[in-house]
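Raw contents of query37.csv, CSV, C-alpha atoms:
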chain,number,residue,atom,x,y,z
P,730,ALA,CA,-51.2,52.8,18.2
P,731,VAL,CA,-47.9,51.4,17.0
P,732,GLN,CA,-45.7,50.7,20.0
P,733,MET,CA,-42.0,51.1,19.7
P,734,THR,CA,-39.8,48.9,21.9
P,735,GLN,CA,-36.3,50.4,22.2
P,736,SER,CA,-33.3,48.6,23.6
P,737,PRO,CA,-31.2,48.9,25.6
P,738,SER,CA,-32.5,51.5,28.0
P,739,SER,CA,-28.9,52.5,28.7
P,740,LEU,CA,-25.4,51.5,27.8
P,741,SER,CA,-21.9,52.3,28.9
P,742,ALA,CA,-19.2,52.8,26.3
P,743,SER,CA,-15.9,54.5,25.7
P,744,VAL,CA,-14.6,57.0,23.2
P,745,GLY,CA,-13.8,55.2,20.0
P,746,ASP,CA,-16.3,52.3,20.6
P,747,THR,CA,-19.0,51.4,18.2
P,748,VAL,CA,-22.5,51.1,19.7
P,749,SER,CA,-25.9,50.0,18.3
P,750,ILE,CA,-29.4,50.8,19.5
P,751,THR,CA,-32.5,48.9,18.3
P,752,CYS,CA,-36.2,49.7,17.9
P,753,ARG,CA,-38.8,47.2,17.2
P,754,PRO,CA,-42.3,48.3,16.1
P,755,SER,CA,-45.5,46.4,17.0
P,756,ALA,CA,-46.7,46.7,13.5
P,757,VAL,CA,-45.3,47.2,10.0
P,758,ILE,CA,-44.1,50.8,9.4
P,759,GLY,CA,-42.2,50.5,6.1
P,760,ASN,CA,-39.1,52.7,6.3
P,761,ALA,CA,-40.8,55.5,8.3
P,762,LEU,CA,-38.4,55.5,11.2
P,763,ALA,CA,-36.3,58.4,12.5
P,764,TRP,CA,-33.6,58.7,15.1
P,765,TYR,CA,-33.0,61.7,17.4
P,766,GLN,CA,-30.3,62.7,19.8
P,767,GLN,CA,-31.1,64.7,22.9
P,768,LYS,CA,-28.6,66.3,25.4
P,769,PRO,CA,-29.6,67.5,28.8
P,770,ASN,CA,-31.6,70.8,28.8
P,771,SER,CA,-31.7,70.8,25.0
P,772,ALA,CA,-34.2,70.1,22.3
P,773,PRO,CA,-34.0,66.9,20.3
P,774,LYS,CA,-31.9,66.8,17.2
P,775,LEU,CA,-32.8,64.8,14.1
P,776,LEU,CA,-30.1,62.5,13.1
P,777,ILE,CA,-31.6,59.9,10.7
P,778,TYR,CA,-34.9,59.9,8.8
P,779,ALA,CA,-36.5,57.2,6.6
P,780,THR,CA,-34.5,54.5,8.3
P,781,SER,CA,-31.1,55.3,6.8
P,782,SER,CA,-31.0,58.8,5.4
P,783,LEU,CA,-28.5,61.0,7.2
P,784,GLN,CA,-29.9,64.5,8.1
P,785,ARG,CA,-27.7,67.2,6.6
P,786,GLY,CA,-24.9,68.3,8.9
P,787,VAL,CA,-24.9,65.1,10.9
P,788,PRO,CA,-21.5,63.3,11.0
P,789,SER,CA,-21.2,60.1,8.9
P,790,ARG,CA,-20.4,58.0,12.0
P,791,PHE,CA,-24.1,57.9,12.6
P,792,SER,CA,-26.0,55.4,10.4
P,793,GLY,CA,-29.3,53.7,10.3
P,794,SER,CA,-30.5,50.3,9.0
P,795,SER,CA,-33.3,47.8,9.3
P,796,SER,CA,-33.4,44.0,9.2
P,797,GLY,CA,-36.2,41.6,9.9
P,798,GLY,CA,-38.6,44.4,11.1
P,799,ASP,CA,-36.1,45.8,13.6
P,800,PHE,CA,-34.4,49.2,13.1
P,801,THR,CA,-30.9,50.0,14.3
P,802,LEU,CA,-28.9,53.2,14.9
P,803,THR,CA,-25.2,52.6,14.9
P,804,ILE,CA,-22.7,55.1,16.1
P,805,SER,CA,-19.2,54.2,14.9
P,806,SER,CA,-16.2,55.5,16.8
P,807,LEU,CA,-17.9,57.3,19.6
P,808,HIS,CA,-16.9,60.9,20.1
P,809,PRO,CA,-17.2,62.6,23.5
P,810,GLU,CA,-20.0,64.8,22.2
P,811,ASP,CA,-22.1,61.6,21.4
P,812,PHE,CA,-22.8,60.8,25.0
P,813,ALA,CA,-26.5,61.6,25.1
P,814,THR,CA,-30.0,60.0,25.0
P,815,TYR,CA,-31.3,58.6,21.7
P,816,TYR,CA,-34.9,58.1,20.6
P,817,CYS,CA,-36.5,56.4,17.7
P,818,LEU,CA,-39.8,57.7,16.2
P,819,GLN,CA,-42.1,56.0,13.9
P,820,ASP,CA,-43.8,58.4,11.5
P,821,SER,CA,-45.6,55.9,9.4
P,822,THR,CA,-49.0,55.8,11.2
P,823,PHE,CA,-50.9,58.3,13.3
P,824,PRO,CA,-50.5,58.6,16.2
P,825,PHE,CA,-46.7,58.8,15.8
P,826,THR,CA,-44.9,57.1,18.6
P,827,PHE,CA,-41.4,57.4,20.2
P,828,GLY,CA,-39.3,54.6,21.7
P,829,GLN,CA,-38.5,54.9,25.4
P,830,GLY,CA,-35.0,56.2,24.8
P,831,THR,CA,-31.5,54.9,25.2
P,832,ARG,CA,-29.0,56.7,27.4
P,833,VAL,CA,-25.4,56.4,26.2
P,834,GLU,CA,-23.0,56.9,29.1
P,835,ILE,CA,-19.3,57.0,29.4
Q,828,ASP,CA,-32.6,80.1,9.8
Q,829,VAL,CA,-35.7,78.3,11.2
Q,830,GLN,CA,-36.7,79.7,14.5
Q,831,LEU,CA,-39.5,78.4,16.7
Q,832,VAL,CA,-40.4,80.1,20.0
Q,833,GLU,CA,-42.9,78.6,22.3
Q,834,SER,CA,-44.8,80.5,25.0
Q,835,GLY,CA,-47.9,80.2,27.2
Q,836,GLY,CA,-46.7,77.7,29.7
Q,837,GLY,CA,-47.2,78.1,33.4
Q,838,VAL,CA,-48.8,76.6,36.5
Q,839,VAL,CA,-52.4,75.5,36.4
Q,840,GLN,CA,-54.7,73.5,38.6
Q,841,PRO,CA,-56.0,70.1,37.6
Q,842,GLY,CA,-59.1,70.5,35.5
Q,843,GLY,CA,-57.9,73.9,34.2
Q,844,SER,CA,-57.0,75.1,30.7
Q,845,LEU,CA,-54.0,76.6,29.1
Q,846,ARG,CA,-53.2,77.8,25.5
Q,847,LEU,CA,-49.7,77.3,24.2
Q,848,SER,CA,-48.3,79.2,21.2
Q,849,CYS,CA,-45.4,78.8,18.9
Q,850,ALA,CA,-44.1,81.7,16.8
Q,851,ALA,CA,-42.4,80.5,13.6
Q,852,SER,CA,-39.9,82.3,11.3
Q,853,GLY,CA,-37.3,81.6,8.7
Q,854,PHE,CA,-39.3,79.3,6.5
Q,855,ASP,CA,-42.6,79.2,4.4
Q,856,PHE,CA,-44.8,78.4,7.4
Q,857,ASP,CA,-47.9,77.4,5.5
Q,858,ASP,CA,-46.0,74.8,3.4
Q,859,PHE,CA,-45.1,72.6,6.4
Q,860,ALA,CA,-46.9,70.4,8.8
Q,861,MET,CA,-46.2,71.3,12.5
Q,862,HIS,CA,-45.9,69.0,15.5
Q,863,TRP,CA,-46.3,69.3,19.3
Q,864,VAL,CA,-44.1,66.9,21.3
Q,865,ARG,CA,-43.9,66.8,25.1
Q,866,GLN,CA,-41.4,65.6,27.7
Q,867,ALA,CA,-42.3,65.1,31.4
Q,868,PRO,CA,-39.6,65.9,33.8
Q,869,GLY,CA,-36.9,63.2,33.7
Q,870,LYS,CA,-38.9,61.1,31.1
Q,871,GLY,CA,-38.8,60.4,27.4
Q,872,LEU,CA,-40.3,62.2,24.4
Q,873,GLU,CA,-44.0,61.8,23.8
Q,874,TRP,CA,-45.6,62.8,20.5
Q,875,VAL,CA,-48.8,64.9,21.0
Q,876,SER,CA,-50.3,66.3,17.8
Q,877,LEU,CA,-49.8,67.3,14.2
Q,878,ILE,CA,-51.5,69.8,11.9
Q,879,ASN,CA,-50.9,69.9,8.2
Q,880,GLY,CA,-49.8,73.1,6.4
Q,881,GLY,CA,-53.3,74.1,5.4
Q,882,GLY,CA,-54.6,73.6,8.8
Q,883,PHE,CA,-57.5,71.3,7.7
Q,884,SER,CA,-56.0,67.9,8.9
Q,885,THR,CA,-55.2,67.2,12.5
Q,886,PHE,CA,-54.0,64.2,14.4
Q,887,TYR,CA,-53.6,63.5,18.1
Q,888,ALA,CA,-52.0,61.0,20.5
Q,889,ASP,CA,-54.5,58.4,21.8
Q,890,PHE,CA,-54.0,59.4,25.4
Q,891,LEU,CA,-55.3,62.9,24.9
Q,892,LYS,CA,-58.9,61.7,24.6
Q,893,GLY,CA,-60.1,65.0,23.0
Q,894,ARG,CA,-58.7,67.3,25.6
Q,895,PHE,CA,-56.3,69.2,23.4
Q,896,ILE,CA,-56.9,71.0,20.1
Q,897,ILE,CA,-54.1,72.0,17.7
Q,898,SER,CA,-54.6,74.9,15.4
Q,899,ARG,CA,-52.6,77.4,13.3
Q,900,ASP,CA,-52.9,80.9,11.9
Q,901,ASN,CA,-50.8,81.0,8.7
Q,902,SER,CA,-51.4,84.7,8.4
Q,903,LYS,CA,-49.4,85.1,11.6
Q,904,ASN,CA,-47.0,82.2,11.3
Q,905,SER,CA,-48.3,80.9,14.5
Q,906,LEU,CA,-49.1,77.4,15.9
Q,907,SER,CA,-51.3,76.8,19.0
Q,908,LEU,CA,-52.3,74.1,21.4
Q,909,GLN,CA,-55.4,74.6,23.4
Q,910,MET,CA,-55.3,72.3,26.4
Q,911,SER,CA,-58.3,71.7,28.6
Q,912,ASN,CA,-59.3,69.5,31.5
Q,913,LEU,CA,-55.6,69.3,32.4
Q,914,ARG,CA,-54.3,66.5,34.6
Q,915,THR,CA,-51.1,66.2,36.7
Q,916,GLU,CA,-49.7,63.8,34.2
Q,917,ASP,CA,-49.8,66.5,31.5
Q,918,THR,CA,-47.0,68.3,33.4
Q,919,ALA,CA,-44.2,68.5,30.8
Q,920,LEU,CA,-42.0,70.6,28.6
Q,921,TYR,CA,-44.0,71.2,25.4
Q,922,PHE,CA,-42.0,71.5,22.2
Q,923,CYS,CA,-43.3,72.7,18.8
Q,924,ALA,CA,-41.5,71.3,15.8
Q,925,LYS,CA,-41.5,71.8,12.0
Q,926,ASP,CA,-41.9,68.8,9.8
Q,927,ARG,CA,-39.0,67.9,7.5
Q,928,LEU,CA,-40.8,67.8,4.2
Q,929,ARG,CA,-42.6,70.6,2.4
Q,930,TYR,CA,-46.2,69.8,1.5
Q,931,SER,CA,-46.1,66.6,3.6
Q,932,SER,CA,-49.1,65.4,5.5
Q,933,GLY,CA,-46.8,64.4,8.3
Q,934,GLY,CA,-43.3,63.1,8.7
Q,935,SER,CA,-40.2,63.5,10.9
Q,936,PRO,CA,-40.1,66.6,13.1
Q,937,GLU,CA,-36.9,68.4,11.9
Q,938,SER,CA,-36.5,71.7,13.6
Q,939,TRP,CA,-37.5,72.2,17.3
Q,940,GLY,CA,-38.1,75.1,19.6
Q,941,GLN,CA,-36.7,75.1,23.2
Q,942,GLY,CA,-40.1,74.3,24.7
Q,943,THR,CA,-42.5,75.8,27.2
Q,944,LEU,CA,-43.1,74.3,30.6
Q,945,VAL,CA,-46.6,73.3,31.7
Q,946,THR,CA,-47.0,72.4,35.4
Q,947,VAL,CA,-50.4,71.0,36.5
Q,948,SER,CA,-50.5,71.0,40.3
Q,949,PRO,CA,-53.2,71.4,43.0
Using structure tokens, write down the structure that the file contains.
Amino acid sequence: AVQMTQSPSSLSASVGDTVSITCRPSAVIGNALAWYQQKPNSAPKLLIYATSSLQRGVPSRFSGSSSGGDFTLTISSLHPEDFATYYCLQDSTFPFTFGQGTRVEI
Amino acid sequence: DVQLVESGGGVVQPGGSLRLSCAASGFDFDDFAMHWVRQAPGKGLEWVSLINGGGFSTFYADFLKGRFIISRDNSKNSLSLQMSNLRTEDTALYFCAKDRLRYSSGGSPESWGQGTLVTVSP
């Protein structure tokens, strides 16, 4: 199975900051990488699919990119409602696999 | 609107079995692959299984080792997960999720239910 190494596991930031989260797959996955946001006691929410495509209804301060085999979620100008846990998912090769998650804290 | 409602969770002893269901509405159910994803208490997301829209292709996480079977009844807009030989480490909230793309053989889960809790305990 493709292993997804996500970093950092947590980060502290302030409203208005720009933060980045990275996922590194253990094998080539093309652009088949999605990002999810999860808040406590809620289901995950799809933010980004196919590396950089913004899911409809998601604010444009969320963006995805890739470089050198690594994938990055960037949140520009953090809003209070962005404090949550974020996960990457590779949907290139079965079995699909999630990263370990990144908790974004105030 | 897409609605997914899981049911069937509960408390079961190690070695036991349980069948989860997911009732779907608000979309053309048989056009979309469906996923099961789980989350152990306080832990991260773990992809479990996928079935394509027609129900003839299925995929599983490596750690399941044949203990779970995913199925669907398109006439009832229903998804199921038959779990057997359950272990304490299977304790988790189990989510069903609709795939993002119509007619896809598997892609990003897009819409999620609220989950059903499975507790495996002696």
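Nearest-residue note for P:Val748: choosing from P:Ile835, P:Leu818, P:Ile777, P:Leu762, the minimum distance belongs to P:Ile835, counting all atoms listed in the file.
Residues lying within 12 Å of P:Ser743, counting all atoms listed in the file and ignoring same-chain neighbours fewer than 3 positions away, are Leu740, Asp746, Thr747, Val748, Ile804, Ser805, Ser806, Leu807, His808, Pro809, Glu810, Asp811, Phe812, Val833, Glu834 and Ile835 of chain P.
Atom CA of P:Pro824 to atom CA of Q:Arg846 spans 21.5 Å [interatomic distance, one decimal].
If we count only C-alpha atoms, these residues of chain Q sit within 10 Å of chain P: Val864, Gly869, Lys870, Gly871, Leu872, Glu873, Trp874, Val875, Ser876, Leu877, Thr885, Phe886, Tyr887, Ala888, Asp889, Phe890, Phe922, Ala924, Arg927, Gly933, Gly934, Ser935, Pro936, Glu937, Ser938, Trp939, Gly940, Gln941 and Gly942 of chain Q.
Between Q:Val829 and the residues Q:Pro868, Q:Ser898, Q:Asp926, Q:Val945, the shortest atom-to-atom distance, using all atoms listed in the file, involves Q:Asp926.
The spacing separating atom CA of Q:Ser932 from atom CA of P:Gly793 amounts to 23.5 Å.
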